[in-house]
>>> print(open('structure-v7.txt').read())   # compact mmCIF, C-alpha atoms and all ligand atoms
# COMPACT_ATOMS: atom_id res chain seq x y z
CA MET K 1438 0.00 0.00 0.00
CA PHE K 1439 2.98 2.31 0.29
CA PRO K 1440 2.60 5.18 -2.12
CA THR K 1441 5.20 5.82 -4.75
CA MET K 1442 7.54 8.58 -3.65
CA SER K 1443 6.88 12.05 -4.89
CA THR K 1444 8.32 13.27 -8.19
CA LEU K 1445 7.69 16.96 -7.55
CA ASP K 1446 9.84 19.41 -9.48
CA PRO K 1447 13.27 20.01 -7.89
CA ALA K 1448 12.72 23.66 -6.91
CA ARG K 1449 9.55 23.06 -4.86
CA ALA K 1450 10.95 19.80 -3.49
CA ALA K 1451 14.08 21.60 -2.29
CA LEU K 1452 11.97 24.37 -0.75
CA ILE K 1453 9.88 21.80 1.15
CA ARG K 1454 13.00 20.05 2.42
CA ARG K 1455 14.66 23.22 3.68
CA LEU K 1456 11.56 24.85 5.19
CA PRO K 1457 11.57 24.59 8.99
CA LYS K 1458 8.44 22.57 9.72
CA VAL K 1459 6.12 22.08 12.67
CA GLU K 1460 4.13 18.89 13.42
CA LEU K 1461 0.80 19.47 15.17
CA HIS K 1462 -0.93 16.14 14.53
CA LEU K 1463 1.14 13.07 15.20
CA HIS K 1464 0.22 10.09 17.38
CA ILE K 1465 3.50 8.88 18.83
CA GLU K 1466 2.14 5.32 18.84
CA GLY K 1467 1.55 5.78 15.10
CA THR K 1468 5.32 6.08 14.55
CA LEU K 1469 5.93 2.49 15.65
CA GLU K 1470 7.78 1.05 12.65
CA PRO K 1471 7.58 -2.74 12.13
CA GLU K 1472 11.33 -3.13 12.86
CA LEU K 1473 10.93 -1.66 16.36
CA MET K 1474 7.67 -3.59 16.85
CA PHE K 1475 9.60 -6.83 16.23
CA ALA K 1476 12.54 -5.80 18.43
CA LEU K 1477 10.24 -4.96 21.36
CA ALA K 1478 8.16 -8.11 20.84
CA HIS K 1479 11.38 -10.12 21.06
CA LYS K 1480 12.51 -8.20 24.17
CA HIS K 1481 9.25 -8.90 26.01
CA GLY K 1482 8.54 -12.37 24.60
CA VAL K 1483 5.36 -11.18 22.88
CA ALA K 1484 4.08 -13.32 20.00
CA LEU K 1485 3.12 -11.19 17.00
CA PRO K 1486 0.59 -12.43 14.45
CA TYR K 1487 3.16 -11.78 11.69
CA ALA K 1488 6.21 -13.79 10.59
CA SER K 1489 8.25 -10.84 9.32
CA VAL K 1490 8.53 -7.08 8.99
CA GLU K 1491 7.40 -7.44 5.37
CA GLU K 1492 4.28 -9.28 6.49
CA VAL K 1493 3.44 -6.44 8.88
CA ARG K 1494 3.80 -3.88 6.11
CA ALA K 1495 1.71 -6.02 3.78
CA ALA K 1496 -1.09 -5.96 6.38
CA TYR K 1497 -1.28 -2.16 6.19
CA LYS K 1498 -4.20 -1.99 3.76
CA PHE K 1499 -7.11 -0.14 5.26
CA ASP K 1500 -10.76 0.31 4.29
CA ASP K 1501 -11.52 3.00 6.85
CA LEU K 1502 -10.47 4.45 10.21
CA GLN K 1503 -11.63 1.44 12.26
CA SER K 1504 -9.72 -1.11 10.16
CA PHE K 1505 -6.57 0.91 10.89
CA LEU K 1506 -7.32 1.41 14.59
CA ASP K 1507 -7.66 -2.36 15.12
CA LEU K 1508 -4.06 -2.89 13.93
CA TYR K 1509 -2.73 0.24 15.63
CA TYR K 1510 -4.03 -0.71 19.10
CA ALA K 1511 -2.78 -4.31 18.66
CA GLY K 1512 0.70 -3.01 17.77
CA CYS K 1513 0.83 -0.96 20.99
CA ASP K 1514 0.98 -4.17 23.04
CA VAL K 1515 4.79 -4.28 22.64
CA LEU K 1516 5.18 -0.91 24.45
CA ARG K 1517 5.66 -1.89 28.07
CA ASP K 1518 8.42 -0.09 29.93
CA ARG K 1519 9.96 3.38 30.13
CA GLU K 1520 12.77 2.48 27.73
CA ASP K 1521 10.23 1.28 25.12
CA PHE K 1522 8.49 4.67 25.12
CA ARG K 1523 11.88 6.42 24.98
CA ALA K 1524 12.99 4.25 22.05
CA LEU K 1525 9.69 4.86 20.22
CA ALA K 1526 9.96 8.64 20.46
CA ALA K 1527 13.73 8.68 19.88
CA ALA K 1528 13.25 6.86 16.56
CA TYR K 1529 10.59 9.41 15.63
CA PHE K 1530 12.82 12.39 16.44
CA GLU K 1531 15.68 10.97 14.39
CA ARG K 1532 13.40 10.90 11.34
CA ALA K 1533 11.93 14.29 12.20
CA ALA K 1534 15.40 15.85 12.35
CA ALA K 1535 16.13 14.54 8.84
CA ASP K 1536 12.86 16.22 7.75
CA ASN K 1537 13.99 19.59 9.15
CA LEU K 1538 11.30 19.55 11.81
CA VAL K 1539 11.75 22.22 14.45
CA HIS K 1540 8.80 21.69 16.79
CA ALA K 1541 6.37 18.82 17.48
CA GLU K 1542 3.23 18.57 19.59
CA LEU K 1543 2.80 14.84 20.09
CA PHE K 1544 -0.41 12.98 20.89
CA PHE K 1545 -0.30 9.97 23.14
CA ASP K 1546 -3.14 7.57 24.05
CA PRO K 1547 -2.64 6.61 27.72
CA GLN K 1548 -5.79 4.45 27.90
CA THR K 1549 -4.25 2.08 25.33
CA HIS K 1550 -1.42 1.45 27.79
CA THR K 1551 -2.89 1.84 31.28
CA VAL K 1552 -5.49 -0.84 30.48
CA ARG K 1553 -2.54 -3.27 30.05
CA GLY K 1554 -1.05 -2.28 33.40
CA VAL K 1555 1.46 0.31 32.18
CA ALA K 1556 1.65 3.23 34.62
CA MET K 1557 0.97 6.81 33.50
CA ALA K 1558 4.40 7.81 34.87
CA THR K 1559 6.13 5.12 32.78
CA ILE K 1560 4.62 6.52 29.57
CA LEU K 1561 5.32 10.14 30.43
CA ASP K 1562 8.86 9.54 31.69
CA GLY K 1563 9.87 7.49 28.67
CA LEU K 1564 8.50 10.05 26.21
CA HIS K 1565 10.12 12.92 28.12
CA ASP K 1566 13.50 11.14 28.10
CA ALA K 1567 13.39 11.20 24.28
CA MET K 1568 12.02 14.76 24.14
CA ALA K 1569 14.94 16.03 26.25
CA GLU K 1570 17.42 14.14 24.03
CA ALA K 1571 15.80 15.60 20.89
CA ARG K 1572 16.18 19.11 22.20
CA THR K 1573 19.89 18.63 22.94
CA LYS K 1574 20.77 16.54 19.91
CA TYR K 1575 18.68 18.20 17.17
CA GLY K 1576 17.33 21.43 18.68
CA ILE K 1577 13.77 20.12 18.23
CA THR K 1578 11.31 21.45 20.82
CA SER K 1579 8.28 19.35 21.69
CA ALA K 1580 5.33 18.91 24.02
CA LEU K 1581 2.72 16.26 24.74
CA ILE K 1582 -1.06 16.26 24.27
CA LEU K 1583 -3.00 13.53 26.08
CA CYS K 1584 -5.81 12.10 23.95
CA PHE K 1585 -8.97 10.46 25.28
CA LEU K 1586 -10.29 7.43 23.38
CA ARG K 1587 -13.75 8.44 22.25
CA HIS K 1588 -15.04 4.88 21.70
CA LEU K 1589 -14.82 4.41 25.50
CA PRO K 1590 -17.22 6.00 28.02
CA GLU K 1591 -16.64 9.50 29.33
CA ALA K 1592 -16.13 8.01 32.82
CA ASP K 1593 -12.93 6.34 31.55
CA ALA K 1594 -11.72 9.66 30.16
CA LEU K 1595 -12.45 11.34 33.51
CA ALA K 1596 -10.49 8.65 35.37
CA THR K 1597 -7.62 9.07 32.90
CA LEU K 1598 -7.53 12.83 33.43
CA GLU K 1599 -7.52 12.28 37.21
CA ALA K 1600 -4.61 9.84 36.86
CA ALA K 1601 -2.70 12.31 34.69
CA LEU K 1602 -3.23 15.53 36.66
CA PRO K 1603 -0.47 14.72 39.21
CA TYR K 1604 1.85 15.01 36.15
CA ARG K 1605 0.23 18.22 34.89
CA ASP K 1606 3.65 19.75 34.09
CA LYS K 1607 4.42 16.93 31.64
CA PHE K 1608 1.67 17.64 29.10
CA ILE K 1609 0.23 20.85 27.67
CA GLY K 1610 -3.18 19.80 26.45
CA VAL K 1611 -5.82 17.19 25.85
CA GLY K 1612 -7.38 15.85 22.66
CA LEU K 1613 -9.99 13.39 21.47
CA ASP K 1614 -9.23 10.54 19.09
CA SER K 1615 -10.18 6.97 18.03
CA GLY K 1616 -13.38 5.98 16.19
CA GLU K 1617 -15.29 9.16 15.42
CA GLN K 1618 -18.58 7.91 14.05
CA HIS K 1619 -21.33 7.81 16.71
CA ASN K 1620 -18.89 9.22 19.30
CA PRO K 1621 -19.62 12.95 19.12
CA PRO K 1622 -17.72 15.59 21.10
CA SER K 1623 -20.93 16.15 23.13
CA LYS K 1624 -20.18 12.82 24.86
CA PHE K 1625 -17.12 14.40 26.52
CA VAL K 1626 -18.29 17.81 27.73
CA ARG K 1627 -17.50 17.23 31.43
CA VAL K 1628 -13.99 15.92 30.97
CA PHE K 1629 -13.04 18.79 28.69
CA GLU K 1630 -14.52 21.24 31.18
CA LYS K 1631 -12.18 19.77 33.83
CA ALA K 1632 -9.26 19.96 31.43
CA ARG K 1633 -9.98 23.64 30.72
CA ALA K 1634 -10.17 24.27 34.48
CA ALA K 1635 -6.66 22.76 34.70
CA LYS K 1636 -5.59 25.33 32.05
CA LEU K 1637 -4.82 22.64 29.50
CA HIS K 1638 -4.95 23.40 25.79
CA ILE K 1639 -7.87 21.79 23.98
CA VAL K 1640 -7.87 20.05 20.62
CA ALA K 1641 -10.14 17.37 19.14
CA HIS K 1642 -10.30 15.12 16.11
CA ALA K 1643 -13.47 16.13 14.26
CA GLY K 1644 -14.66 15.96 10.68
CA GLU K 1645 -12.32 13.12 9.69
CA GLU K 1646 -15.01 10.46 9.24
CA GLY K 1647 -17.62 12.27 11.30
CA PRO K 1648 -19.90 15.05 10.01
CA ALA K 1649 -19.25 18.79 9.97
CA ALA K 1650 -21.62 19.06 12.95
CA TYR K 1651 -18.94 17.36 15.09
CA ILE K 1652 -16.54 20.19 14.23
CA ARG K 1653 -19.09 22.72 15.48
CA GLU K 1654 -19.54 20.66 18.67
CA ALA K 1655 -15.78 20.45 19.25
CA LEU K 1656 -15.55 24.23 18.95
CA THR K 1657 -18.61 25.22 20.95
CA LEU K 1658 -18.98 22.39 23.51
CA LEU K 1659 -15.34 21.44 24.15
CA GLY K 1660 -13.62 24.78 23.47
CA ALA K 1661 -11.26 23.30 20.88
CA GLU K 1662 -8.44 25.66 19.91
CA ARG K 1663 -7.50 23.52 16.91
CA ILE K 1664 -9.43 20.91 14.96
CA ASP K 1665 -7.60 17.71 14.05
CA HIS K 1666 -8.40 16.80 10.43
CA GLY K 1667 -11.54 18.92 10.02
CA VAL K 1668 -11.71 18.23 6.29
CA ARG K 1669 -15.45 17.52 6.33
CA CYS K 1670 -16.10 21.18 7.23
CA ASP K 1671 -16.56 21.47 3.48
CA GLU K 1672 -20.07 20.03 3.83
CA ASP K 1673 -21.12 23.19 5.69
CA PRO K 1674 -20.24 26.34 3.69
CA GLU K 1675 -21.15 28.60 6.62
CA LEU K 1676 -18.70 26.66 8.82
CA VAL K 1677 -16.00 27.09 6.17
CA ASN K 1678 -16.59 30.85 6.31
CA GLU K 1679 -16.45 30.84 10.10
CA LEU K 1680 -13.19 28.85 10.11
CA ALA K 1681 -11.67 31.30 7.64
CA LEU K 1682 -12.70 34.21 9.89
CA SER K 1683 -11.67 32.65 13.20
CA GLN K 1684 -8.42 31.17 11.81
CA VAL K 1685 -8.87 28.12 14.05
CA PRO K 1686 -6.17 25.81 12.66
CA LEU K 1687 -7.09 22.55 10.95
CA THR K 1688 -4.35 19.93 11.36
CA VAL K 1689 -4.81 18.11 8.07
CA CYS K 1690 -3.04 14.77 7.39
CA PRO K 1691 -3.20 14.14 3.64
CA LEU K 1692 -1.50 10.72 3.44
CA SER K 1693 -3.65 9.51 6.34
CA ASN K 1694 -6.80 10.72 4.58
CA LYS K 1695 -5.76 8.82 1.47
CA ALA K 1696 -4.82 5.62 3.34
CA LEU K 1697 -8.09 5.62 5.32
CA ARG K 1698 -10.17 6.55 2.25
CA VAL K 1699 -11.41 9.85 3.60
CA THR K 1700 -10.50 10.98 0.08
CA PRO K 1701 -10.26 8.59 -2.90
CA ASP K 1702 -6.93 10.10 -3.91
CA LEU K 1703 -4.68 13.05 -3.02
CA SER K 1704 -5.68 14.75 -6.27
CA THR K 1705 -9.28 14.91 -4.98
CA HIS K 1706 -8.30 16.17 -1.51
CA ASN K 1707 -9.89 19.49 -0.49
CA PHE K 1708 -6.68 20.79 1.14
CA ALA K 1709 -5.90 23.29 -1.63
CA LYS K 1710 -9.52 24.45 -1.76
CA LEU K 1711 -9.53 25.16 1.99
CA LEU K 1712 -6.11 26.84 1.82
CA ARG K 1713 -7.27 29.07 -1.04
CA ALA K 1714 -10.44 29.91 0.90
CA GLY K 1715 -8.16 31.37 3.59
CA LEU K 1716 -8.46 28.68 6.29
CA ALA K 1717 -5.48 28.11 8.60
CA VAL K 1718 -4.73 24.64 7.26
CA THR K 1719 -1.54 22.80 8.18
CA ILE K 1720 0.10 19.61 6.88
CA ASN K 1721 0.85 16.81 9.35
CA SER K 1722 1.53 13.09 9.36
CA ASP K 1723 -0.91 11.46 11.87
CA ASP K 1724 0.42 7.86 12.00
CA PRO K 1725 3.32 7.88 9.56
CA ALA K 1726 4.55 4.32 10.20
CA TYR K 1727 1.17 3.10 8.94
CA PHE K 1728 0.42 5.61 6.19
CA GLY K 1729 3.68 5.62 4.24
CA GLY K 1730 5.18 9.02 4.93
CA TYR K 1731 6.45 11.45 7.53
CA ILE K 1732 5.99 15.21 7.32
CA THR K 1733 8.22 15.99 4.36
CA GLU K 1734 6.60 13.22 2.32
CA ASN K 1735 3.16 14.61 3.23
CA TYR K 1736 4.21 18.05 1.97
CA LEU K 1737 5.82 16.65 -1.21
CA GLN K 1738 2.92 14.46 -2.25
CA THR K 1739 0.29 17.10 -1.41
CA ALA K 1740 2.19 19.79 -3.31
CA GLU K 1741 2.48 17.54 -6.32
CA ALA K 1742 -1.09 16.25 -6.34
CA LEU K 1743 -2.69 19.68 -5.79
CA ASN K 1744 -0.08 21.82 -7.51
CA LEU K 1745 0.58 24.00 -4.47
CA THR K 1746 2.77 26.98 -5.34
CA ALA K 1747 5.99 27.85 -3.50
CA GLU K 1748 4.17 30.75 -1.83
CA GLU K 1749 1.36 28.45 -0.73
CA LEU K 1750 3.86 25.99 0.74
CA VAL K 1751 5.40 28.80 2.77
CA THR K 1752 1.93 29.80 4.00
CA VAL K 1753 1.27 26.22 5.10
CA ALA K 1754 4.55 26.11 7.04
CA GLU K 1755 3.70 29.49 8.63
CA ASN K 1756 0.23 28.23 9.55
CA GLY K 1757 1.91 25.39 11.46
CA VAL K 1758 3.97 27.85 13.50
CA ARG K 1759 1.02 30.16 14.17
CA GLY K 1760 -1.10 27.19 15.26
CA ALA K 1761 1.48 25.84 17.72
CA PHE K 1762 1.02 26.16 21.47
CA ILE K 1763 4.25 28.13 21.96
CA ALA K 1764 5.06 31.65 23.12
CA SER K 1765 4.75 34.49 20.63
CA GLU K 1766 8.54 35.13 20.76
CA GLU K 1767 9.16 31.53 19.75
CA LYS K 1768 6.63 31.88 16.94
CA ASP K 1769 8.37 35.05 15.71
CA ALA K 1770 11.74 33.29 15.75
CA LEU K 1771 10.40 30.33 13.75
CA LEU K 1772 8.56 32.60 11.29
CA GLY K 1773 11.87 34.41 10.76
CA LYS K 1774 13.56 31.09 9.97
CA ILE K 1775 10.82 30.28 7.45
CA ARG K 1776 11.30 33.68 5.80
CA ASP K 1777 15.05 33.02 5.54
CA ALA K 1778 14.48 29.58 4.01
CA ALA K 1779 12.05 31.09 1.49
CA SER K 1780 14.01 34.26 0.69
CA ASP K 1781 14.75 33.22 -2.91
CA ILE K 1782 11.32 32.08 -4.10
N1 LIG K 1801 -5.71 7.53 16.49
C1 LIG K 1801 -4.59 7.43 15.76
N2 LIG K 1801 -4.80 7.95 14.55
C2 LIG K 1801 -6.07 8.39 14.51
C3 LIG K 1801 -6.88 9.04 13.54
N3 LIG K 1801 -6.43 9.33 12.32
N4 LIG K 1801 -8.15 9.33 13.86
C4 LIG K 1801 -8.63 9.03 15.06
N5 LIG K 1801 -7.91 8.43 16.01
C5 LIG K 1801 -6.65 8.13 15.75
ZN ZN K 1802 -5.00 11.65 14.33
>>> encode(input="structure-v7.txt", output="structure tokens")
Amino acid sequence: MFPTMSTLDPARAALIRRLPKVELHLHIEGTLEPELMFALAHKHGVALPYASVEEVRAAYKFDDLQSFLDLYYAGCDVLRDREDFRALAAAYFERAAADNLVHAELFFDPQTHTVRGVAMATILDGLHDAMAEARTKYGITSALILCFLRHLPEADALATLEAALPYRDKFIGVGLDSGEQHNPPSKFVRVFEKARAAKLHIVAHAGEEGPAAYIREALTLLGAERIDHGVRCDEDPELVNELALSQVPLTVCPLSNKALRVTPDLSTHNFAKLLRAGLAVTINSDDPAYFGGYITENYLQTAEALNLTAEELVTVAENGVRGAFIASEEKDALLGKIRDAASDI
């Protein structure tokens, strides 16, 4: 299922590679490459339902979000101790550095791990070990966003928030992920209210497979500051206008949308339409180990399929910086770096 690599013209490809980029929508568990999955399975004596790395990759053919989530949650079973979480994130940062990534806000799904007996502190400590290394080794800044699994009851999300609040300094926000259909944001009003009271940033997956109405709910009922995916806003022209006016960022993941058949093909993706309508759209990689490309590959293939201009690519990179949960001085510094990288276009 892995897409052919991009054949974008050299000038735009070089611009994409040298642009400092920000990742606002990446599930750290979705960076678990088959090689590491096998190594950790061996370490812990876990039997995988695959004979080889190639067999794992061959299984990555998805019909929809749920068919992916089934494999993704199964893969997480090999993540057991602090060093596993460190190794997972360290492998991600090594790839991110090669992609000229400067800042990442990483989702993690604690319920996937705590249900197997992994402690909240184990997850957070392991991820923070790698985040500290990435800052020293590559100059990449990063932060964590705790996501609630929306297919589970709100009571589970409330218990998860309670378990996480003693480590409040180790994450900056909360999000909502997993199977979207029939699990509207309205199901989680109380837990997001508690999260806002704890001064956490708020994001939510909405309008990936679910209707535009879920985007409105995420904004009005949960207080979402960014919408993850959000591509189905297109079904509600008034919402599109409102998103253009409010500049609430949409963290779009083109290769994910293609792999999970949110769009039949990248050439039919509405990313360029939304960008040209003035929405604050960004390009991100979601679960790159499963969808065939990290952030640079997402930019390259989207630019090629939708014929994004050099100026538009710079706008997308700037949107990522503006949408990040970082101080305005840090934003100004990163916007300056983007301007430098784009000075000759
Ligand atoms: N968890 C990991 N990736 C996801 C996605 N694309 N949508 C919802 N939940 C997810
Ligand atoms: Zn996602």
>>> closest_residue(input="structure-v7.txt", among="K:Ile1465, K:Val1611, K:Leu1771, K:Leu1692", to="Ala1635 in chain K", atoms="all atoms listed in the file")
K:Val1611
>>> closest_atom_pairs(input="structure-v7.txt", of="chain K", to="ligand ZN 1802 (chain K)", cutoff="12 Å", atoms="only C-alpha atoms and all ligand atoms", output="CSV")
residue,atom,partner,partner_atom,distance
K:Glu1460,CA,K:ZN1802,ZN,11.7
K:Leu1461,CA,K:ZN1802,ZN,9.8
K:His1462,CA,K:ZN1802,ZN,6.1
K:Leu1463,CA,K:ZN1802,ZN,6.4
K:His1464,CA,K:ZN1802,ZN,6.2
K:Ile1465,CA,K:ZN1802,ZN,10.0
K:Glu1466,CA,K:ZN1802,ZN,10.6
K:Gly1467,CA,K:ZN1802,ZN,8.8
K:Thr1468,CA,K:ZN1802,ZN,11.7
K:Leu1502,CA,K:ZN1802,ZN,9.9
K:Phe1505,CA,K:ZN1802,ZN,11.4
K:Leu1506,CA,K:ZN1802,ZN,10.5
K:Tyr1509,CA,K:ZN1802,ZN,11.7
K:Glu1542,CA,K:ZN1802,ZN,12.0
K:Leu1543,CA,K:ZN1802,ZN,10.2
K:Phe1544,CA,K:ZN1802,ZN,8.1
K:Phe1545,CA,K:ZN1802,ZN,10.1
K:Asp1546,CA,K:ZN1802,ZN,10.7
K:Ile1582,CA,K:ZN1802,ZN,11.6
K:Cys1584,CA,K:ZN1802,ZN,9.7
K:Phe1585,CA,K:ZN1802,ZN,11.7
K:Leu1586,CA,K:ZN1802,ZN,11.3
K:Gly1612,CA,K:ZN1802,ZN,9.6
K:Leu1613,CA,K:ZN1802,ZN,8.9
K:Asp1614,CA,K:ZN1802,ZN,6.5
K:Ser1615,CA,K:ZN1802,ZN,7.9
K:Gly1616,CA,K:ZN1802,ZN,10.3
K:Glu1617,CA,K:ZN1802,ZN,10.6
K:Val1640,CA,K:ZN1802,ZN,10.9
K:Ala1641,CA,K:ZN1802,ZN,9.1
K:His1642,CA,K:ZN1802,ZN,6.6
K:Ala1643,CA,K:ZN1802,ZN,9.6
K:Gly1644,CA,K:ZN1802,ZN,11.2
K:Glu1645,CA,K:ZN1802,ZN,8.8
K:Glu1646,CA,K:ZN1802,ZN,11.3
K:Ile1664,CA,K:ZN1802,ZN,10.3
K:Asp1665,CA,K:ZN1802,ZN,6.6
K:His1666,CA,K:ZN1802,ZN,7.3
K:Gly1667,CA,K:ZN1802,ZN,10.7
K:Leu1687,CA,K:ZN1802,ZN,11.6
K:Thr1688,CA,K:ZN1802,ZN,8.8
K:Val1689,CA,K:ZN1802,ZN,9.0
K:Cys1690,CA,K:ZN1802,ZN,7.9
K:Pro1691,CA,K:ZN1802,ZN,11.1
K:Leu1692,CA,K:ZN1802,ZN,11.5
K:Ser1693,CA,K:ZN1802,ZN,8.4
K:Asn1694,CA,K:ZN1802,ZN,10.0
K:Leu1697,CA,K:ZN1802,ZN,11.3
K:Asn1721,CA,K:ZN1802,ZN,9.3
K:Ser1722,CA,K:ZN1802,ZN,8.3
K:Asp1723,CA,K:ZN1802,ZN,4.8
K:Asp1724,CA,K:ZN1802,ZN,7.0
K:Pro1725,CA,K:ZN1802,ZN,10.3
K:Tyr1727,CA,K:ZN1802,ZN,11.8
K:Phe1728,CA,K:ZN1802,ZN,11.5
>>> write_last_selection(input="structure-v7.txt", atoms="C-alpha atoms", output="short mmCIF file (atom, residue, chain, number, x, y, z; two decimals), keeping the file's coordinate frame")
data_model
loop_
_atom_site.label_atom_id
_atom_site.label_comp_id
_atom_site.auth_asym_id
_atom_site.auth_seq_id
_atom_site.Cartn_x
_atom_site.Cartn_y
_atom_site.Cartn_z
CA GLU K 1460 4.13 18.89 13.42
CA LEU K 1461 0.80 19.47 15.17
CA HIS K 1462 -0.93 16.14 14.53
CA LEU K 1463 1.14 13.07 15.20
CA HIS K 1464 0.22 10.09 17.38
CA ILE K 1465 3.50 8.88 18.83
CA GLU K 1466 2.14 5.32 18.84
CA GLY K 1467 1.55 5.78 15.10
CA THR K 1468 5.32 6.08 14.55
CA LEU K 1502 -10.47 4.45 10.21
CA PHE K 1505 -6.57 0.91 10.89
CA LEU K 1506 -7.32 1.41 14.59
CA TYR K 1509 -2.73 0.24 15.63
CA GLU K 1542 3.23 18.57 19.59
CA LEU K 1543 2.80 14.84 20.09
CA PHE K 1544 -0.41 12.98 20.89
CA PHE K 1545 -0.30 9.97 23.14
CA ASP K 1546 -3.14 7.57 24.05
CA ILE K 1582 -1.06 16.26 24.27
CA CYS K 1584 -5.81 12.10 23.95
CA PHE K 1585 -8.97 10.46 25.28
CA LEU K 1586 -10.29 7.43 23.38
CA GLY K 1612 -7.38 15.85 22.66
CA LEU K 1613 -9.99 13.39 21.47
CA ASP K 1614 -9.23 10.54 19.09
CA SER K 1615 -10.18 6.97 18.03
CA GLY K 1616 -13.38 5.98 16.19
CA GLU K 1617 -15.29 9.16 15.42
CA VAL K 1640 -7.87 20.05 20.62
CA ALA K 1641 -10.14 17.37 19.14
CA HIS K 1642 -10.30 15.12 16.11
CA ALA K 1643 -13.47 16.13 14.26
CA GLY K 1644 -14.66 15.96 10.68
CA GLU K 1645 -12.32 13.12 9.69
CA GLU K 1646 -15.01 10.46 9.24
CA ILE K 1664 -9.43 20.91 14.96
CA ASP K 1665 -7.60 17.71 14.05
CA HIS K 1666 -8.40 16.80 10.43
CA GLY K 1667 -11.54 18.92 10.02
CA LEU K 1687 -7.09 22.55 10.95
CA THR K 1688 -4.35 19.93 11.36
CA VAL K 1689 -4.81 18.11 8.07
CA CYS K 1690 -3.04 14.77 7.39
CA PRO K 1691 -3.20 14.14 3.64
CA LEU K 1692 -1.50 10.72 3.44
CA SER K 1693 -3.65 9.51 6.34
CA ASN K 1694 -6.80 10.72 4.58
CA LEU K 1697 -8.09 5.62 5.32
CA ASN K 1721 0.85 16.81 9.35
CA SER K 1722 1.53 13.09 9.36
CA ASP K 1723 -0.91 11.46 11.87
CA ASP K 1724 0.42 7.86 12.00
CA PRO K 1725 3.32 7.88 9.56
CA TYR K 1727 1.17 3.10 8.94
CA PHE K 1728 0.42 5.61 6.19
#
>>> closest_residue(input="structure-v7.txt", among="K:Gly1647, K:Pro1603, K:Gly1660, K:Gly1576", to="ligand LIG 1801 (chain K)", atoms="all atoms listed in the file")
K:Gly1647
>>> axis_aligned_box(input="structure-v7.txt", around="ligand LIG 1801 (chain K)", padding_each_side="4 Å", output="AutoDock Vina command-line options")
--center_x -6.6 --center_y 8.4 --center_z 14.4 --size_x 12.0 --size_y 9.9 --size_z 12.2
>>> residues_near_point(input="structure-v7.txt", point="(-3.2, 10.2, -2.7)", cutoff="9 Å", atoms="all atoms listed in the file", output="list in words")
Pro1440, Pro1691, Leu1692, Asn1694, Lys1695, Ala1696, Thr1700, Pro1701, Asp1702, Leu1703, Ser1704, Thr1705, His1706, Gln1738, Thr1739 and Ala1742 of chain K
>>> atom_distance(input="structure-v7.txt", atom1="CA of Ala1655 in chain K", atom2="CA of Leu1508 in chain K")
26.7 Å
>>> closest_residue(input="structure-v7.txt", among="K:Arg1633, K:Ala1726, K:Ala1495, K:Ala1567", to="ligand LIG 1801 (chain K)", atoms="all atoms listed in the file")
K:Ala1726
>>> closest_residue(input="structure-v7.txt", among="K:Asp1514, K:Lys1768, K:Leu1456, K:Ala1761", to="His1481 in chain K", atoms="all atoms listed in the file")
K:Asp1514
>>> residues_around(input="structure-v7.txt", residues="Gly1512 in chain K", least_positions_apart="5", cutoff="9 Å", atoms="all atoms listed in the file", output="list in words")
Glu1466, Leu1469, Pro1471, Met1474, Leu1485 and Asp1507 of chain K
>>> write_last_selection(input="structure-v7.txt", atoms="C-alpha atoms", output="PDB file, in the coordinates of the input")
ATOM      1  CA  GLU K1466       2.140   5.320  18.840  1.00  0.00           C
ATOM      2  CA  LEU K1469       5.930   2.490  15.650  1.00  0.00           C
ATOM      3  CA  PRO K1471       7.580  -2.740  12.130  1.00  0.00           C
ATOM      4  CA  MET K1474       7.670  -3.590  16.850  1.00  0.00           C
ATOM      5  CA  LEU K1485       3.120 -11.190  17.000  1.00  0.00           C
ATOM      6  CA  ASP K1507      -7.660  -2.360  15.120  1.00  0.00           C
TER       7      ASP K1507
END
>>> closest_residue(input="structure-v7.txt", among="K:Val1668, K:Asp1562, K:Met1557, K:Tyr1575", to="Ala1601 in chain K", atoms="all atoms listed in the file")
K:Met1557
>>> atom_distance(input="structure-v7.txt", atom1="CA of Glu1591 in chain K", atom2="CA of Ile1560 in chain K")
21.5 Å
>>> atom_distance(input="structure-v7.txt", atom1="CA of Ala1580 in chain K", atom2="CA of Ala1541 in chain K")
6.6 Å
>>> closest_residue(input="structure-v7.txt", among="K:His1479, K:Arg1713, K:Arg1587, K:Lys1636", to="Ser1623 in chain K", atoms="only C-alpha atoms")
K:Arg1587
>>> residues_around(input="structure-v7.txt", residues="range 1749-1751 of chain K", least_positions_apart="5", cutoff="10 Å", atoms="all atoms listed in the file", output="list in words")
Arg1449, Leu1452, Ile1453, Leu1456, Pro1457, Lys1458, Ala1709, Leu1712, Arg1713, Thr1719, Ile1720, Tyr1736, Leu1737, Thr1739, Ala1740, Asn1744, Asn1756, Gly1757, Leu1772, Ile1775, Arg1776, Ala1778, Ala1779 and Ile1782 of chain K
>>> residues_around(input="structure-v7.txt", residues="range 1670-1676 of chain K", least_positions_apart="4", cutoff="9 Å", atoms="all atoms listed in the file", output="PyMOL selection string")
chain K and resi 1644+1648-1650+1652-1653+1680-1681+1707+1711
>>> write_last_selection(input="structure-v7.txt", atoms="C-alpha atoms", output="CSV table (one decimal), in the frame of the given file")
chain,number,residue,atom,x,y,z
K,1644,GLY,CA,-14.7,16.0,10.7
K,1648,PRO,CA,-19.9,15.0,10.0
K,1649,ALA,CA,-19.2,18.8,10.0
K,1650,ALA,CA,-21.6,19.1,13.0
K,1652,ILE,CA,-16.5,20.2,14.2
K,1653,ARG,CA,-19.1,22.7,15.5
K,1680,LEU,CA,-13.2,28.8,10.1
K,1681,ALA,CA,-11.7,31.3,7.6
K,1707,ASN,CA,-9.9,19.5,-0.5
K,1711,LEU,CA,-9.5,25.2,2.0
